[in-house]
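Shown next: data30.txt, containing compact mmCIF, C-alpha atoms.
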```txt
# COMPACT_ATOMS: atom_id res chain seq x y z
CA MET A 1326 4.32 0.48 -29.70
CA PRO A 1327 7.59 -0.30 -31.54
CA GLU A 1328 10.83 -0.31 -29.58
CA GLU A 1329 12.64 3.01 -29.84
CA ALA A 1330 15.96 2.64 -31.63
CA VAL A 1331 19.06 2.95 -29.47
CA LYS A 1332 22.15 3.89 -31.48
CA PRO A 1333 25.42 2.03 -30.87
CA GLY A 1334 27.35 3.69 -28.05
CA ASP A 1335 24.37 5.81 -26.94
CA VAL A 1336 24.45 6.03 -23.13
CA THR A 1337 21.42 8.31 -22.86
CA LYS A 1338 18.98 5.46 -23.47
CA ARG A 1339 18.66 1.94 -22.11
CA VAL A 1340 17.58 -0.98 -24.22
CA GLY A 1341 16.52 -2.59 -20.94
CA VAL A 1342 14.00 0.22 -20.54
CA GLU A 1343 12.93 0.58 -24.17
CA VAL A 1344 12.04 -3.09 -24.52
CA ILE A 1345 9.60 -2.96 -21.60
CA ARG A 1346 8.18 0.37 -22.75
CA ALA A 1347 7.57 -1.22 -26.16
CA ARG A 1348 5.69 -4.00 -24.41
CA GLY A 1349 3.32 -1.53 -22.79
CA VAL A 1350 4.89 -0.62 -19.45
CA ASP A 1351 4.46 3.02 -18.41
CA VAL A 1352 8.03 3.25 -17.15
CA GLU A 1353 7.67 6.63 -15.46
CA LYS A 1354 4.59 5.43 -13.56
CA LEU A 1355 6.36 2.20 -12.64
CA ILE A 1356 9.31 4.13 -11.21
CA LYS A 1357 6.91 6.20 -9.07
CA MET A 1358 5.27 3.03 -7.80
CA LEU A 1359 8.61 1.47 -6.96
CA VAL A 1360 9.76 4.58 -5.10
CA ALA A 1361 6.46 4.64 -3.15
CA ASN A 1362 6.85 0.96 -2.29
CA ALA A 1363 10.52 1.35 -1.37
CA ALA A 1364 9.54 4.24 0.90
CA ALA A 1365 6.86 2.08 2.51
CA GLU A 1366 9.34 -0.76 3.14
CA PHE A 1367 12.01 1.52 4.60
CA ALA A 1368 10.19 4.43 6.20
CA SER A 1369 6.72 3.06 6.98
CA THR A 1370 7.61 -0.41 8.22
CA TYR A 1371 11.34 -1.17 8.72
CA TYR A 1372 11.90 1.98 10.77
CA TYR A 1373 8.67 1.79 12.78
CA TYR A 1374 8.79 -1.99 13.25
CA THR A 1375 12.05 -1.35 15.11
CA ILE A 1376 10.02 0.57 17.68
CA LEU A 1377 7.13 -1.90 17.69
CA ARG A 1378 9.55 -4.77 18.35
CA MET A 1379 10.96 -2.91 21.37
CA ASN A 1380 7.48 -2.67 22.87
CA LEU A 1381 6.51 -6.34 22.80
CA ALA A 1382 8.13 -7.15 26.14
CA GLY A 1383 6.64 -10.23 27.71
CA HIS A 1384 5.71 -11.59 24.31
CA GLU A 1385 9.07 -12.89 23.17
CA ASP A 1386 7.51 -15.05 20.45
CA TYR A 1387 5.72 -12.04 18.97
CA LYS A 1388 8.93 -10.05 19.24
CA GLU A 1389 10.82 -12.66 17.23
CA ILE A 1390 8.19 -12.71 14.47
CA CYS A 1391 8.08 -8.92 14.37
CA GLU A 1392 11.86 -8.97 14.00
CA ASP A 1393 11.61 -11.37 11.05
CA ALA A 1394 9.10 -9.08 9.34
CA ARG A 1395 11.23 -6.01 10.14
CA LEU A 1396 14.42 -7.45 8.66
CA GLU A 1397 12.62 -8.86 5.63
CA ASP A 1398 11.10 -5.46 4.91
CA ARG A 1399 14.62 -4.08 4.96
CA ALA A 1400 15.60 -6.81 2.52
CA HIS A 1401 12.75 -5.69 0.26
CA TRP A 1402 14.05 -2.15 0.32
CA GLU A 1403 17.52 -3.37 -0.58
CA LEU A 1404 16.15 -5.58 -3.35
CA ILE A 1405 14.08 -2.96 -5.13
CA VAL A 1406 16.26 0.17 -4.93
CA PRO A 1407 18.76 -0.98 -7.58
CA ARG A 1408 15.87 -1.61 -9.98
CA ILE A 1409 14.66 2.00 -9.52
CA TYR A 1410 18.03 3.31 -10.72
CA GLU A 1411 18.30 0.69 -13.43
CA LEU A 1412 15.01 1.94 -14.87
CA GLY A 1413 16.37 5.50 -14.92
CA GLY A 1414 14.76 6.66 -11.69
CA ASN A 1415 16.27 7.80 -8.40
CA LEU A 1416 15.47 8.31 -4.75
CA PRO A 1417 14.61 11.77 -3.41
CA ASN A 1418 17.66 13.41 -1.88
CA ASP A 1419 15.60 14.30 1.19
CA LEU A 1420 14.41 11.76 3.74
CA LYS A 1421 11.18 13.59 4.62
CA GLN A 1422 10.25 13.87 0.96
CA PHE A 1423 10.96 10.15 0.61
CA HIS A 1424 8.84 9.32 3.66
CA ASP A 1425 5.95 11.39 2.30
CA GLN A 1426 5.95 9.41 -0.95
CA ALA A 1427 5.33 6.12 0.85
CA GLY A 1428 2.21 4.38 -0.37
CA CYS A 1429 1.46 2.88 3.04
CA ALA A 1430 0.92 4.56 6.40
CA ALA A 1431 3.72 4.78 8.96
CA ALA A 1432 3.37 1.95 11.49
CA LYS A 1433 3.66 4.27 14.48
CA LEU A 1434 3.54 2.83 17.98
CA PRO A 1435 -0.15 2.67 18.96
CA ASP A 1436 -1.52 4.17 22.15
CA PRO A 1437 -1.80 2.18 24.32
CA PRO A 1438 0.99 -0.08 23.02
CA THR A 1439 -0.72 -3.36 23.90
CA ALA A 1440 0.16 -6.58 22.12
CA VAL A 1441 -3.27 -6.60 20.47
CA ASN A 1442 -2.87 -3.04 19.19
CA ILE A 1443 0.64 -3.70 17.92
CA LEU A 1444 -0.36 -6.95 16.19
CA THR A 1445 -3.35 -5.22 14.59
CA LEU A 1446 -1.07 -2.50 13.27
CA LEU A 1447 1.43 -5.06 11.96
CA LEU A 1448 -1.35 -6.97 10.22
CA GLU A 1449 -2.76 -3.91 8.47
CA SER A 1450 0.72 -2.77 7.44
CA GLU A 1451 1.37 -6.12 5.79
CA ARG A 1452 -1.98 -5.96 4.03
CA CYS A 1453 -1.08 -2.60 2.53
CA ALA A 1454 2.23 -4.08 1.36
CA ILE A 1455 0.43 -7.00 -0.29
CA ARG A 1456 -1.84 -4.60 -2.18
CA SER A 1457 1.06 -2.36 -3.19
CA TRP A 1458 3.26 -5.16 -4.53
CA SER A 1459 0.29 -6.83 -6.22
CA ALA A 1460 -0.23 -3.57 -8.12
CA VAL A 1461 3.40 -3.74 -9.32
CA CYS A 1462 2.95 -7.39 -10.32
CA ASP A 1463 -0.21 -6.49 -12.25
CA MET A 1464 1.60 -3.69 -14.03
CA THR A 1465 4.60 -5.78 -15.06
CA PHE A 1466 3.22 -9.28 -15.62
CA GLY A 1467 4.09 -10.52 -19.09
CA LYS A 1468 5.89 -7.27 -19.95
CA ASP A 1469 8.76 -6.63 -17.55
CA PRO A 1470 10.00 -9.99 -16.23
CA ARG A 1471 12.80 -8.48 -14.15
CA THR A 1472 10.64 -6.13 -12.09
CA TYR A 1473 7.93 -8.77 -11.92
CA ASP A 1474 10.38 -11.29 -10.51
CA LEU A 1475 11.60 -8.90 -7.83
CA ALA A 1476 8.06 -7.77 -6.92
CA SER A 1477 6.71 -11.31 -6.78
CA ARG A 1478 9.54 -12.40 -4.45
CA ILE A 1479 8.67 -9.54 -2.13
CA LEU A 1480 4.97 -10.29 -2.43
CA ASN A 1481 5.60 -13.91 -1.40
CA GLU A 1482 7.10 -12.72 1.87
CA GLU A 1483 4.44 -10.07 2.52
CA ILE A 1484 1.77 -12.75 2.15
CA GLU A 1485 3.61 -14.89 4.69
CA HIS A 1486 3.85 -11.91 7.05
CA GLU A 1487 0.09 -11.38 6.86
CA ALA A 1488 -0.48 -15.04 7.71
CA TRP A 1489 1.85 -14.75 10.72
CA PHE A 1490 0.03 -11.74 12.13
CA ILE A 1491 -3.41 -13.22 11.52
CA GLU A 1492 -2.29 -16.25 13.53
CA LEU A 1493 -0.83 -14.18 16.37
CA LEU A 1494 -3.67 -11.66 16.55
CA ALA A 1495 -6.35 -14.34 16.48
CA HIS A 1496 -4.53 -16.08 19.34
CA GLU A 1497 -3.88 -12.97 21.42
CA ARG A 1498 -7.16 -11.13 20.88
CA ASP A 1499 -9.72 -13.85 20.22
CA GLY A 1500 -8.21 -16.97 21.77
CA LYS A 1501 -8.61 -18.68 18.41
CA SER A 1502 -6.25 -20.86 16.43
CA ILE A 1503 -5.84 -19.72 12.81
CA PRO A 1504 -2.57 -21.34 11.74
CA SER A 1505 -0.32 -19.48 9.32
CA GLY A 1506 1.01 -22.82 8.15
CA HIS A 1507 4.55 -21.60 8.79
CA PHE A 1508 7.22 -21.99 11.40
CA ARG A 1509 9.63 -19.23 12.30
CA ARG A 1510 12.55 -18.46 10.04
CA GLY A 1511 15.80 -20.37 10.49
CA GLU A 1512 17.53 -17.13 11.37
CA PRO A 1513 16.07 -13.66 11.98
CA GLY A 1514 14.98 -12.02 8.73
CA GLU A 1515 16.02 -14.99 6.61
CA ALA A 1516 13.99 -13.67 3.64
CA PRO A 1517 14.01 -16.89 1.60
CA TYR A 1518 12.36 -15.36 -1.45
CA SER A 1519 13.94 -11.92 -1.59
CA LYS A 1520 17.41 -13.22 -0.67
CA ASN A 1521 17.02 -16.31 -2.89
CA ARG A 1522 17.64 -18.75 -0.07
CA GLY A 1523 16.27 -22.22 0.33
CA PHE A 1524 12.61 -22.37 1.30
CA TYR A 1525 11.50 -24.37 4.36
CA ASN A 1526 10.86 -27.72 2.74
CA PRO A 1527 12.47 -30.46 4.85
CA MET B 1331 -30.13 -1.04 19.93
CA ASN B 1332 -29.28 1.80 17.53
CA GLN B 1333 -29.21 0.78 13.90
CA ALA B 1334 -26.75 2.40 11.54
CA ARG B 1335 -28.30 5.07 9.35
CA ILE B 1336 -28.22 4.27 5.66
CA PHE B 1337 -27.48 6.95 3.07
CA ARG B 1338 -27.93 7.13 -0.68
CA VAL B 1339 -24.65 7.45 -2.55
CA VAL B 1340 -24.44 8.39 -6.22
CA LEU B 1341 -21.15 7.38 -7.84
CA LYS B 1342 -20.30 9.17 -11.07
CA THR B 1343 -17.80 6.81 -12.69
CA PRO B 1344 -16.22 6.80 -16.17
CA GLU B 1345 -18.69 4.04 -17.02
CA GLY B 1346 -21.72 6.07 -15.92
CA SER B 1347 -23.60 6.87 -12.73
CA ARG B 1348 -24.65 4.29 -10.17
CA ALA B 1349 -26.66 4.78 -7.00
CA ILE B 1350 -26.02 2.56 -3.99
CA ASP B 1351 -26.93 2.45 -0.32
CA CYS B 1352 -24.17 2.84 2.24
CA PRO B 1353 -24.58 2.53 6.02
CA GLU B 1354 -22.88 5.21 8.09
CA ASP B 1355 -20.47 2.62 9.51
CA GLU B 1356 -19.30 1.24 6.15
CA PHE B 1357 -16.55 2.68 3.99
CA LEU B 1358 -17.76 4.01 0.66
CA TRP B 1359 -15.29 1.86 -1.29
CA ASN B 1360 -16.50 -1.28 0.49
CA ALA B 1361 -20.14 -0.42 -0.19
CA ALA B 1362 -19.36 0.04 -3.88
CA ALA B 1363 -17.52 -3.30 -3.97
CA ARG B 1364 -20.47 -4.97 -2.23
CA CYS B 1365 -22.65 -3.68 -5.08
CA GLY B 1366 -20.26 -4.99 -7.73
CA ILE B 1367 -18.64 -1.65 -8.53
CA ALA B 1368 -14.83 -1.89 -8.74
CA LEU B 1369 -13.32 1.43 -7.77
CA PRO B 1370 -9.55 1.95 -7.82
CA ALA B 1371 -7.62 1.57 -4.57
CA ILE B 1372 -4.32 0.25 -3.28
CA CYS B 1373 -3.56 1.06 0.36
CA HIS B 1374 -7.05 1.00 1.95
CA GLN B 1375 -5.53 3.21 4.65
CA GLY B 1376 -6.57 6.63 3.34
CA ARG B 1377 -3.03 7.42 2.32
CA CYS B 1378 -2.01 6.59 -1.26
CA LEU B 1379 -4.72 8.66 -3.05
CA THR B 1380 -5.45 5.93 -5.62
CA CYS B 1381 -9.15 5.90 -4.67
CA ALA B 1382 -9.53 9.70 -4.64
CA ALA B 1383 -12.91 11.15 -5.60
CA ARG B 1384 -14.46 14.59 -5.75
CA LEU B 1385 -17.36 15.21 -3.40
CA GLU B 1386 -20.10 16.95 -5.39
CA SER B 1387 -22.56 17.16 -2.50
CA GLY B 1388 -23.08 15.80 0.98
CA GLU B 1389 -20.85 15.06 3.94
CA VAL B 1390 -18.17 12.38 4.41
CA ASP B 1391 -16.31 11.42 7.61
CA GLN B 1392 -12.60 10.83 6.86
CA SER B 1393 -11.50 10.26 10.46
CA ALA B 1394 -10.35 6.70 9.59
CA SER B 1395 -7.89 7.99 6.97
CA THR B 1396 -4.23 8.04 7.95
CA ALA B 1397 -3.39 11.07 5.78
CA TYR B 1398 -6.26 13.44 5.03
CA PHE B 1399 -5.89 17.19 5.38
CA ALA B 1400 -8.22 20.13 5.89
CA GLU B 1401 -6.96 21.41 2.56
CA ASP B 1402 -8.27 18.24 0.88
CA ARG B 1403 -11.73 18.82 2.28
CA ALA B 1404 -11.64 22.47 1.29
CA ALA B 1405 -10.73 21.47 -2.27
CA GLY B 1406 -13.57 18.94 -2.40
CA PHE B 1407 -11.53 15.74 -2.44
CA ILE B 1408 -12.39 12.62 -0.46
CA LEU B 1409 -10.88 9.14 -0.04
CA PRO B 1410 -13.65 6.52 -0.40
CA CYS B 1411 -11.45 3.65 0.89
CA THR B 1412 -11.68 5.13 4.40
CA GLY B 1413 -14.60 7.55 4.06
CA GLN B 1414 -18.02 7.01 5.65
CA PRO B 1415 -21.18 8.89 4.65
CA ARG B 1416 -22.81 11.30 7.05
CA SER B 1417 -25.56 12.31 4.59
CA ASP B 1418 -26.77 11.38 1.13
CA ILE B 1419 -23.85 12.14 -1.17
CA VAL B 1420 -22.85 12.51 -4.81
CA LEU B 1421 -19.24 11.93 -5.79
CA THR B 1422 -17.14 11.71 -8.94
CA THR B 1423 -14.72 8.81 -8.83
CA HIS B 1424 -11.30 8.28 -10.48
CA ARG B 1425 -9.80 11.62 -9.42
CA GLN B 1426 -6.43 10.35 -8.13
CA TRP B 1427 -4.28 12.45 -10.44
CA ALA B 1428 -6.29 15.61 -9.79
CA MET B 1429 -5.88 15.06 -6.06
CA ARG B 1430 -2.15 14.45 -6.45
CA ARG B 1431 -1.78 17.71 -8.38
CA HIS B 1432 -3.69 19.48 -5.61
CA ARG B 1433 -1.41 17.96 -2.94
CA LEU B 1434 1.77 18.79 -4.83
CA ALA B 1435 0.65 22.39 -5.37
CA LEU B 1436 0.30 22.75 -1.59
CA GLY B 1437 3.47 20.83 -0.70
CA LEU B 1438 1.47 18.03 0.93
CA PRO B 1439 2.29 14.29 0.69
CA ALA B 1440 1.32 12.82 -2.67
CA PRO B 1441 2.38 9.16 -2.95
CA TYR B 1442 2.96 7.81 -6.47
CA SER B 1443 3.58 11.28 -7.92
```

Please render this file's structure as structure tokens.
Amino acid sequence: MPEEAVKPGDVTKRVGVEVIRARGVDVEKLIKMLVANAAAEFASTYYYYTILRMNLAGHEDYKEICEDARLEDRAHWELIVPRIYELGGNLPNDLKQFHDQAGCAAAKLPDPPTAVNILTLLLESERCAIRSWSAVCDMTFGKDPRTYDLASRILNEEIEHEAWFIELLAHERDGKSIPSGHFRRGEPGEAPYSKNRGFYNP
Amino acid sequence: MNQARIFRVVLKTPEGSRAIDCPEDEFLWNAAARCGIALPAICHQGRCLTCAARLESGEVDQSASTAYFAEDRAAGFILPCTGQPRSDIVLTTHRQWAMRRHRLALGLPAPYS
């Protein structure tokens, strides 16, 4: 598809959108996916992880890791929202409507709120995030480098989160050692990829 | 020891029909994948509707889905990523946009729409 011409001074179109549309991106579909993923980061995980974190008393190490994942999910929300508007999209002006568009389930406090149940929930939430951001990477790879870069930074951290919760759940539930290969962040929610900070590489 | 019952599942896909076996304790999407059939899906939580299918006949248990409504069942939609067979079934795959239209018409959650 050829790039649609944008006349000089025309503020109703964006060259930054037309060039990716010309390369085969369904921009309207991409915006919907980004809104669904932003909703999942903010309303399905960041909000509910706040509650999960509160209920890990006696497991201070788990609480710290949950806090890292919680704050990094907030960083993902902050990272992707500007791109939604840049592409010509917007967020619903209604929080419930936004919540309902989330592509992943709300990580509601399980009953009973045992460490195993909470870690299982955290693990499955991160797995949904990996699948959701992988779908955005698939859709933008080789066509929309800006969205791809943002999505792949987020995906990097979601993959690390999954590895953390596999390690913790295997330890807590099965008494097994399945190392994530990581150590905890230097500061809570450091978000090395999505905040473009130095990676742990001493 | 009770063994899981196994049901015959016919998948009507855009590439043609395929018949597979699915135990009652396996999700339909997983059974299809085990047989080399790649159905669409993202969340695998029974929420995002990407895997949506229309149930032509038979019975499916959606109790593992995180967002599945009585209205969905009444309209004949199922979510294979978290659906388990309770009888032999026939389903038409790749119905995500039809299911989203159905949800939107009823004011129900419809991610990605």

How close does each residue of chain A get to chain B, giving the shortest atom pair and distance in Å to one decimal for every residue with an atom at most 7 Å away, counting only C-alpha atoms, sorted by chain and residue number, as CSV?
```
residue,atom,partner,partner_atom,distance
A:Lys1357,CA,B:Tyr1442,CA,5.0
A:Met1358,CA,B:Tyr1442,CA,5.5
A:Ala1361,CA,B:Tyr1442,CA,5.8
A:Asp1425,CA,B:Pro1439,CA,4.9
A:Gln1426,CA,B:Pro1441,CA,4.1
A:Ala1427,CA,B:Pro1441,CA,5.7
A:Gly1428,CA,B:Cys1378,CA,4.8
A:Cys1429,CA,B:Cys1373,CA,6.0
A:Ala1430,CA,B:Arg1377,CA,6.4
A:Cys1453,CA,B:Cys1373,CA,4.9
A:Arg1456,CA,B:Ile1372,CA,5.6
A:Ser1457,CA,B:Ile1372,CA,6.0
```

So which residues are close to (-15.3, 10.8, 9.8), meaning at most 12 Å away in the file's coordinates with all atoms listed in the file counted, and can you show them as a PyMOL selection string? chain B and resi 1354-1358+1376+1389-1396+1398+1403+1408-1410+1412-1417

Please identify all polymer residues within 7 Å of B:Asp1418, counting all atoms listed in the file, omitting same-chain residues fewer than 3 positions from it, and present them as a PyMOL selection string. chain B and resi 1337-1339+1388

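Rounded to one decimal, atom CA of A:Val1350 and atom CA of A:Phe1466 lie 9.6 Å from each other.
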
Please provide as an NGL selection string all residues within 6 Å of stretch 1373-1390 of chain A, with the sequence filter that same-chain residues fewer than 2 positions apart are discarded (counting all atoms listed in the file). :A and (1370-1371 or 1392-1393 or 1395 or 1432-1434)

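Close contacts of B:Thr1423, defined as residues with an atom at most 10 Å away when counting all atoms listed in the file, with chain neighbours fewer than 3 positions off set aside, comprise Leu1341, Lys1342, Thr1343, Pro1344, Ser1347, Leu1369, Pro1370, Cys1381, Ala1382, Ala1383, Arg1384, Leu1385, Phe1407, Ile1408, Leu1409, Pro1410, Val1420 and Gln1426 of chain B.
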
So how many Å separate atom CA of A:Asp1474 and atom CA of A:Ala1460, to one decimal? 13.3 Å

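Put simply, atom CA of B:Gln1333 is 16.8 Å away from atom CA of B:Ala1361.
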
I want to know what sits within 9 Å of stretch 1489-1495 of chain A, based on all atoms listed in the file, with residues of the same chain fewer than 4 positions away left out; could you give that as an MDAnalysis selection string? chainID A and resid 1387 1390:1391 1440:1441 1444:1445 1447:1448 1451 1484:1485 1499:1507

Long-range neighbours of A:Ile1356 as a PyMOL selection string, 9 Å cut-off, all atoms listed in the file, 3 positions minimum in chain: (chain A and resi 1351-1353+1359-1361+1408-1410+1412-1415) or (chain B and resi 1442)

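Considering the residues A:Val1406, A:Ile1479, A:Ile1443, A:Leu1355 and counting only C-alpha atoms, A:Trp1458 has its shortest atom-to-atom contact with A:Ile1479.
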
Here is a test: counting all atoms listed in the file, which residue of A:Glu1449, A:Asp1469, A:Glu1515, A:Glu1482 is nearest to A:Ala1431? A:Glu1449

Best match for closeness to A:Glu1487 among A:Ile1455, A:Ala1347, A:Val1331, A:Ala1364, counting only C-alpha atoms: A:Ile1455

Please supply stretch 1406-1426 of chain B, rebuilt with N, CA and C atoms, as a PDB file, in the frame of the given file.
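Result file follows (out.pdb):
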```pdb
ATOM      1  N   GLY B1406     -12.505  19.833  -1.947  1.00  0.00           N
ATOM      2  CA  GLY B1406     -13.570  18.940  -2.400  1.00  0.00           C
ATOM      3  C   GLY B1406     -13.161  17.519  -2.685  1.00  0.00           C
ATOM      4  N   PHE B1407     -11.976  17.120  -2.207  1.00  0.00           N
ATOM      5  CA  PHE B1407     -11.530  15.740  -2.440  1.00  0.00           C
ATOM      6  C   PHE B1407     -11.849  14.854  -1.230  1.00  0.00           C
ATOM      7  N   ILE B1408     -12.196  13.604  -1.526  1.00  0.00           N
ATOM      8  CA  ILE B1408     -12.390  12.620  -0.460  1.00  0.00           C
ATOM      9  C   ILE B1408     -11.663  11.323  -0.828  1.00  0.00           C
ATOM     10  N   LEU B1409     -11.530  10.434   0.165  1.00  0.00           N
ATOM     11  CA  LEU B1409     -10.880   9.140  -0.040  1.00  0.00           C
ATOM     12  C   LEU B1409     -11.887   8.038   0.325  1.00  0.00           C
ATOM     13  N   PRO B1410     -12.581   7.491  -0.676  1.00  0.00           N
ATOM     14  CA  PRO B1410     -13.650   6.520  -0.400  1.00  0.00           C
ATOM     15  C   PRO B1410     -13.188   5.263   0.337  1.00  0.00           C
ATOM     16  N   CYS B1411     -11.904   4.900   0.244  1.00  0.00           N
ATOM     17  CA  CYS B1411     -11.450   3.650   0.890  1.00  0.00           C
ATOM     18  C   CYS B1411     -11.604   3.729   2.401  1.00  0.00           C
ATOM     19  N   THR B1412     -11.571   4.950   2.948  1.00  0.00           N
ATOM     20  CA  THR B1412     -11.680   5.130   4.400  1.00  0.00           C
ATOM     21  C   THR B1412     -12.683   6.241   4.744  1.00  0.00           C
ATOM     22  N   GLY B1413     -13.597   6.516   3.831  1.00  0.00           N
ATOM     23  CA  GLY B1413     -14.600   7.550   4.060  1.00  0.00           C
ATOM     24  C   GLY B1413     -15.968   6.940   4.325  1.00  0.00           C
ATOM     25  N   GLN B1414     -16.683   7.506   5.315  1.00  0.00           N
ATOM     26  CA  GLN B1414     -18.020   7.010   5.650  1.00  0.00           C
ATOM     27  C   GLN B1414     -19.029   8.141   5.473  1.00  0.00           C
ATOM     28  N   PRO B1415     -20.190   7.827   4.921  1.00  0.00           N
ATOM     29  CA  PRO B1415     -21.180   8.890   4.650  1.00  0.00           C
ATOM     30  C   PRO B1415     -21.816   9.402   5.944  1.00  0.00           C
ATOM     31  N   ARG B1416     -22.062  10.695   5.945  1.00  0.00           N
ATOM     32  CA  ARG B1416     -22.810  11.300   7.050  1.00  0.00           C
ATOM     33  C   ARG B1416     -24.079  11.980   6.544  1.00  0.00           C
ATOM     34  N   SER B1417     -24.340  11.800   5.223  1.00  0.00           N
ATOM     35  CA  SER B1417     -25.560  12.310   4.590  1.00  0.00           C
ATOM     36  C   SER B1417     -25.665  11.591   3.246  1.00  0.00           C
ATOM     37  N   ASP B1418     -26.740  11.822   2.523  1.00  0.00           N
ATOM     38  CA  ASP B1418     -26.770  11.380   1.130  1.00  0.00           C
ATOM     39  C   ASP B1418     -25.658  12.140   0.407  1.00  0.00           C
ATOM     40  N   ILE B1419     -24.968  11.460  -0.511  1.00  0.00           N
ATOM     41  CA  ILE B1419     -23.850  12.140  -1.170  1.00  0.00           C
ATOM     42  C   ILE B1419     -23.819  11.827  -2.676  1.00  0.00           C
ATOM     43  N   VAL B1420     -23.152  12.718  -3.393  1.00  0.00           N
ATOM     44  CA  VAL B1420     -22.850  12.510  -4.810  1.00  0.00           C
ATOM     45  C   VAL B1420     -21.351  12.717  -4.960  1.00  0.00           C
ATOM     46  N   LEU B1421     -20.679  11.758  -5.599  1.00  0.00           N
ATOM     47  CA  LEU B1421     -19.240  11.930  -5.790  1.00  0.00           C
ATOM     48  C   LEU B1421     -18.811  11.454  -7.187  1.00  0.00           C
ATOM     49  N   THR B1422     -17.749  12.097  -7.668  1.00  0.00           N
ATOM     50  CA  THR B1422     -17.140  11.710  -8.940  1.00  0.00           C
ATOM     51  C   THR B1422     -15.881  10.920  -8.632  1.00  0.00           C
ATOM     52  N   THR B1423     -15.828   9.697  -9.147  1.00  0.00           N
ATOM     53  CA  THR B1423     -14.720   8.810  -8.830  1.00  0.00           C
ATOM     54  C   THR B1423     -13.538   9.036  -9.787  1.00  0.00           C
ATOM     55  N   HIS B1424     -12.475   8.271  -9.582  1.00  0.00           N
ATOM     56  CA  HIS B1424     -11.300   8.280 -10.480  1.00  0.00           C
ATOM     57  C   HIS B1424     -10.658   9.664 -10.571  1.00  0.00           C
ATOM     58  N   ARG B1425     -10.389  10.278  -9.427  1.00  0.00           N
ATOM     59  CA  ARG B1425      -9.800  11.620  -9.420  1.00  0.00           C
ATOM     60  C   ARG B1425      -8.407  11.605  -8.776  1.00  0.00           C
ATOM     61  N   GLN B1426      -7.716  10.452  -8.842  1.00  0.00           N
ATOM     62  CA  GLN B1426      -6.430  10.350  -8.130  1.00  0.00           C
ATOM     63  C   GLN B1426      -5.397  11.350  -8.634  1.00  0.00           C
TER      64      GLN B1426
END
```
